[in-house]
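Taking it in order: structure first as structure tokens, then the write-up.
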2 protein chains.
Amino acid sequence: QGTRDHPPAQAALRERLLSAVVSCFKRHGAAAIDTPVLELRETLMGKYGEGTKLIYELQDQGGELLALRYDLTVPFARYLAMNKITNMKRYHVAKVYRRDSPATTRGRYREFYQCDFDIAGQFDPMIPDAECLKIVHEILSDLQLGDFVIKVNDRRILNGVFAVCGVPESKFIPACSTVDKLDKMPWEEVRSEMVGEKGLSPEAADRIGEYVQLHGGLDLIERLLQDPKLSQNKLAKEGLGDMKLLFEYLTLFGITGKICFDLSLARGLDYYTGVIFEAVLLHQENEHVEEPVSVGSVAGGGRYDGLVGMFDPKGRKVPCVGVSIGIERIFSILEQRLEASGEKLRTTETQVLVATPQKHLLPARLKLISELWDAGIKAEMLYKKDPKLLKQLQYCEDTGIPLAAIVGEQELADGVVKLRDVATREEVRM
Amino acid sequence: QGTRDHPPAQAALRERLLSAVVSCFKRHGAAAIDTPVLELRETLMGKYGEGTKLIYELQDQGGELLALRYDLTVPFARYLAMNKITNMKRYHVAKVYRRDSPATTRGRYREFYQCDFDIAGQFDPMIPDAECLKIVHEILSDLQLGDFVIKVNDRRILNGVFAVCGVPESKFIPACSTVDKLDKMPWEEVRSEMVGEKGLSPEAADRIGEYVQLHGGLDLIERLLQDPKLSQNKLAKEGLGDMKLLFEYLTLFGITGKICFDLSLARGLDYYTGVIFEAVLLHQENEHVEEPVSVGSVAGGGRYDGLVGMFDPKGRKVPCVGVSIGIERIFSILEQRLEASGEKLRTTETQVLVATPQKHLLPARLKLISELWDAGIKAEMLYKKDPKLLKQLQYCEDTGIPLAAIVGEQELADGVVKLRDVATREEVRM
């Protein structure tokens, strides 16, 4: 349930998509690492907030208690701490596992790929953070997925908001995970969850509501920096100052047109400590709809300065910021688009089919194909002793092989091969 | 235990190795598929002989009972049956899981990559089988791993041997798995396991011993086809006839020099039904050793005509033959060789570092690097506001970046960039 096989057409499309993402990561100088699918159970516990209950655990068959990784960020942090690495730019493309309710039409599965790019190290503020947003912008533009917006916020700003609205610090994380639902439910419902389930006072909830419904650009940052309450809060001031710096860098990158500072963005995971962001595709359902409709998040990430320290015996921190590309949702979109276009993706790369027009020529085919393979040419033949020529040419048409190398009795006698262009039917002897 | 992280240098070497293997698979016209790491527990049970106890099972957290895949062959057969596919040439490169005692120096892990190529379908005898052996030959030659031999046998020949030696059919599989140990222990020990643990009569074991210690080429096949007892056994005759055909095809491929018909080869898995093979590297420990010493299996496979039928409700069979490349052992060898050579593999592909020689030029760096990224150029910069030029050039040398694009105050005023070749220190303004 919630997993799937990828038949060749899907695997080919996926390879094309992943290679676009990986080229972008390499363009930004990242090195690849690989970590096991299995992690110690204790490594994963307490890192994912409400997600923790979705972790797949292995049966205790003796030895260590294991679980399947839930994302690639926690294993990366564990890797940095274990190897005492304080400085690294890496990417990792691999499958992760969540015992979630599958919604396969929207691209939500229990086994799915993540494509992560992260920068670890103590650097000057917001330079690596800005690069992460540039990467999201490059990938979504390259893939031509249509219009998109990248929402940006900062956990410090959110925590500052909670503080000035009178929320006790112990309730910051629950408040945060409730705010995160604002993209799926109206404020009234979020408010009632805050008061009912999370135990915030109605007044605090109302005050929060005034902030988290705001979104804008540099102008909003400036306005909040002047906000009489928020400007008094150390965390919020830091967050807003950094947000201003981020916008400066994004302006130099020329991408602020797609960036929106959105105070309702909270992200579900516990480990974020600074900037957070999420990219959503905007989709004009039909021409009469004025407001673009969001079709969901296709990339997300943020800063997590405390996570590596949780795995270090001495608690030494390594600041990190990273981005994860939501490849499954993008894959669903590209797949639907390909289907609609009627274009057929080739699933193999075979350049030439080795064929014979008469019987008893299997040895000639085997000799020729062996020469071609040894010369690095992608070649196939039918696994029949005496296939009909028509069947062999039909196979080329069905699978998109552009050339047929034909050896008949005459060609054998003359020491030549007849090379046929399958589409034009032109033939040359060589 | 038995798993490992791959740091960038290893990940880069692995990428190089896997891409050599995948190119070979693509050269032979295979399409890629992907299947989940998780399979239903029942899918895996009863397929792996003594290996079954090494299967990782997931905890029952409600819903289906799951296990981690043990190889890529059973999932492939399950995939064919589920989708009623009767004809397919596919490759699959992915991780598999076995709760084995790890022997990491020899490249044996609990999580490891398999690289599989299989041909499914009803075809004329031994043509796809010969291609599998050609693939092993191509890959081991390409990777320049030194001398190797590919041992070939046939389960039908082995079963014929057991039959004519007086072993009851119910003991064929246990007898087979004992014969399989002949590459690791002397005949005397194998014989005593047969008699002691597997309950064969001493006479039967002695008769088996006369056959399974034979190895050779076409001459041996001819001799056994004349063997008074074996030639009377239907299965053995079929197997020997096909083995002769196989050698004919391998002669046309020009690879018989590395092929050895070896009656001791049995392979541990239950599902093989015809040809089986295994490639081992030969290693001249030192010049005084006359006999080459085997350093273990680096590829293996065979024919399994019954496996797909086990997953089909009506038991419809799809004949299959395939090969699995033992990438982990090859990786260990290449890694040791790289280490010995002192060569340093680059872990990133960055072409140019964007650098500034004075302070307050971060905006110039951000603008230039953004232009480079947008032009598809792999570029990095240090994440510092005002890094020293020497530090920036040092970073190029450390990570192998060949060029530095330098923008200083003068360059900005002139509207140029200074491009520096890091190795030669030559500079051009452009």
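Naming works like this for the structure tokens: A, B, ... for the chains as they're shown, residue 1 at the start of each chain, ligands 1 onward in shown order.
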
For range 233-246 of chain B, find every residue with an atom within 6 Å (counting only C-alpha atoms), except residues of its own chain fewer than 4 positions away, and show them as an mmCIF file with N, CA and C atoms, in the first residue's frame.
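Once written, out-v5.cif looks like this:
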```cif
data_model
loop_
_atom_site.group_PDB
_atom_site.id
_atom_site.type_symbol
_atom_site.label_atom_id
_atom_site.label_comp_id
_atom_site.auth_asym_id
_atom_site.auth_seq_id
_atom_site.Cartn_x
_atom_site.Cartn_y
_atom_site.Cartn_z
ATOM 1 N N MET B 126 19.321 -20.790 -25.371
ATOM 2 C CA MET B 126 20.698 -20.366 -25.096
ATOM 3 C C MET B 126 21.108 -19.041 -25.736
ATOM 4 N N ARG B 156 20.179 -28.712 -14.496
ATOM 5 C CA ARG B 156 19.681 -29.987 -15.031
ATOM 6 C C ARG B 156 20.796 -31.032 -15.035
ATOM 7 N N ILE B 157 22.024 -30.578 -15.348
ATOM 8 C CA ILE B 157 23.156 -31.515 -15.321
ATOM 9 C C ILE B 157 23.387 -31.993 -13.887
ATOM 10 N N GLY B 160 20.749 -34.350 -12.895
ATOM 11 C CA GLY B 160 21.012 -35.621 -13.574
ATOM 12 C C GLY B 160 22.100 -36.410 -12.857
#
```

**Request:** Would you please give, as a ChimeraX atom specification, all residues of range 85-309 of chain B that DSSP assigns to alpha helix (DSSP H) based on the backbone?
**Result:** /B:127-142,155-164,172-179,187-196,202-212,218-225,234-253,307-309

File dump, residues just selected, C-alpha atoms, as a CSV table (one decimal), in the first residue's frame:
```
chain,number,residue,atom,x,y,z
B,127,ILE,CA,20.7,-17.1,-27.1
B,128,PRO,CA,19.7,-14.9,-24.2
B,129,ASP,CA,21.8,-17.0,-21.8
B,130,ALA,CA,24.9,-16.4,-24.0
B,131,GLU,CA,24.2,-12.7,-24.0
B,132,CYS,CA,24.3,-12.7,-20.1
B,133,LEU,CA,27.7,-14.3,-20.2
B,134,LYS,CA,28.9,-11.7,-22.8
B,135,ILE,CA,27.7,-9.0,-20.5
B,136,VAL,CA,29.8,-10.3,-17.6
B,137,HIS,CA,32.8,-10.6,-19.9
B,138,GLU,CA,32.3,-7.0,-21.1
B,139,ILE,CA,32.0,-5.5,-17.7
B,140,LEU,CA,34.9,-7.4,-16.1
B,141,SER,CA,37.1,-6.5,-19.1
B,142,ASP,CA,36.0,-2.8,-19.1
B,155,ARG,CA,21.0,-27.3,-12.7
B,156,ARG,CA,19.7,-30.0,-15.0
B,157,ILE,CA,23.2,-31.5,-15.3
B,158,LEU,CA,23.6,-31.4,-11.5
B,159,ASN,CA,20.2,-33.0,-11.0
B,160,GLY,CA,21.0,-35.6,-13.6
B,161,VAL,CA,24.2,-36.4,-11.7
B,162,PHE,CA,22.3,-36.7,-8.4
B,163,ALA,CA,19.8,-39.0,-10.1
B,164,VAL,CA,22.3,-41.3,-11.7
B,172,PHE,CA,18.3,-32.7,-4.8
B,173,ILE,CA,18.1,-29.2,-3.3
B,174,PRO,CA,20.0,-30.1,-0.1
B,175,ALA,CA,22.6,-32.0,-2.1
B,176,CYS,CA,22.9,-29.0,-4.4
B,177,SER,CA,23.5,-26.5,-1.6
B,178,THR,CA,26.2,-28.7,-0.2
B,179,VAL,CA,28.0,-29.1,-3.6
B,187,TRP,CA,35.8,-32.4,-1.2
B,188,GLU,CA,36.3,-34.5,1.9
B,189,GLU,CA,34.4,-32.0,4.1
B,190,VAL,CA,31.7,-31.6,1.5
B,191,ARG,CA,31.3,-35.4,1.4
B,192,SER,CA,31.0,-35.7,5.1
B,193,GLU,CA,28.3,-32.9,5.2
B,194,MET,CA,26.4,-34.8,2.5
B,195,VAL,CA,26.5,-38.0,4.4
B,196,GLY,CA,26.3,-36.6,8.0
B,202,PRO,CA,28.4,-42.8,1.4
B,203,GLU,CA,28.2,-44.6,-2.0
B,204,ALA,CA,26.0,-41.9,-3.5
B,205,ALA,CA,28.4,-39.2,-2.2
B,206,ASP,CA,31.4,-41.0,-3.6
B,207,ARG,CA,29.8,-41.3,-7.0
B,208,ILE,CA,28.8,-37.6,-6.9
B,209,GLY,CA,32.4,-36.7,-6.0
B,210,GLU,CA,33.6,-38.3,-9.3
B,211,TYR,CA,31.4,-35.9,-11.3
B,212,VAL,CA,31.5,-32.6,-9.4
B,218,LEU,CA,33.8,-28.4,-25.0
B,219,ASP,CA,35.9,-31.6,-24.7
B,220,LEU,CA,34.4,-32.3,-21.2
B,221,ILE,CA,30.8,-31.7,-22.5
B,222,GLU,CA,31.4,-34.2,-25.4
B,223,ARG,CA,32.9,-36.7,-22.9
B,224,LEU,CA,29.9,-36.5,-20.6
B,225,LEU,CA,27.5,-36.7,-23.5
B,234,LYS,CA,16.9,-37.1,-19.8
B,235,LEU,CA,17.6,-34.0,-17.7
B,236,ALA,CA,21.4,-34.4,-17.9
B,237,LYS,CA,21.2,-35.0,-21.6
B,238,GLU,CA,19.1,-31.8,-22.2
B,239,GLY,CA,21.5,-29.8,-20.0
B,240,LEU,CA,24.6,-31.1,-21.8
B,241,GLY,CA,23.1,-30.5,-25.2
B,242,ASP,CA,22.2,-26.9,-24.3
B,243,MET,CA,25.7,-26.5,-22.7
B,244,LYS,CA,27.2,-27.5,-26.1
B,245,LEU,CA,25.0,-24.9,-27.9
B,246,LEU,CA,26.0,-22.3,-25.4
B,247,PHE,CA,29.7,-23.0,-26.1
B,248,GLU,CA,29.0,-22.6,-29.8
B,249,TYR,CA,27.5,-19.2,-29.3
B,250,LEU,CA,30.2,-18.1,-26.9
B,251,THR,CA,32.8,-19.1,-29.5
B,252,LEU,CA,31.1,-16.7,-32.0
B,253,PHE,CA,31.3,-14.0,-29.3
B,307,LEU,CA,9.9,-18.2,-10.5
B,308,VAL,CA,7.4,-16.0,-12.4
B,309,GLY,CA,4.8,-18.8,-12.4
```

**Message:** Using Å and a single decimal, report how far CA of Cys396 in chain A sits from CA of Val428 in chain A.
**Reply:** 17.4 Å

**Request:** With a distance threshold of 8 Å and counting only C-alpha atoms, extract the residues of chain A near chain B and express them as a PyMOL selection string.
**Result:** chain A and resi 1+3-8+11-12+26-36+56-61+64+79+111+123-124+127-128+138+249+252-253+347-350+363+366-367+370+373-374+376-380+383-385

**Request:** For CA of Leu393 in chain A and CA of Val417 in chain A, determine how far apart the two atoms are, in Å to one decimal place.
**Result:** 15.7 Å

**Prompt:** Could you pull the residues within 9 Å of Lys47 in chain A, counting only C-alpha atoms, minus those fewer than 4 positions along the same chain, as a ChimeraX atom specification?
**Reply:** /A:43,51-52,74,269-271,307

**Request:** Going by DSSP on the backbone, which bits of range 209-423 of chain A are strand (DSSP E or B)? Write them as a ChimeraX atom specification, please.
**Result:** /A:215-216,259-262,275-283,293-303,320-325,352-355,379-380,403-406,418-421

**Request:** Could you check how far CA of Arg267 in chain A sits from CA of Pro228 in chain A, in Å to one decimal?
**Result:**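 Going from CA of Arg267 in chain A over to CA of Pro228 in chain A covers 26.6 Å.
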
**Message:** Applying 9 Å and only C-alpha atoms, which residues near Asp421 in chain B remain after dropping the ones on its own chain fewer than 6 positions away? List them as a list in words.
**Reply:**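 Contacts, in chain order: Pro402, Leu403, Ala404, Glu427 and Val428 of chain B.
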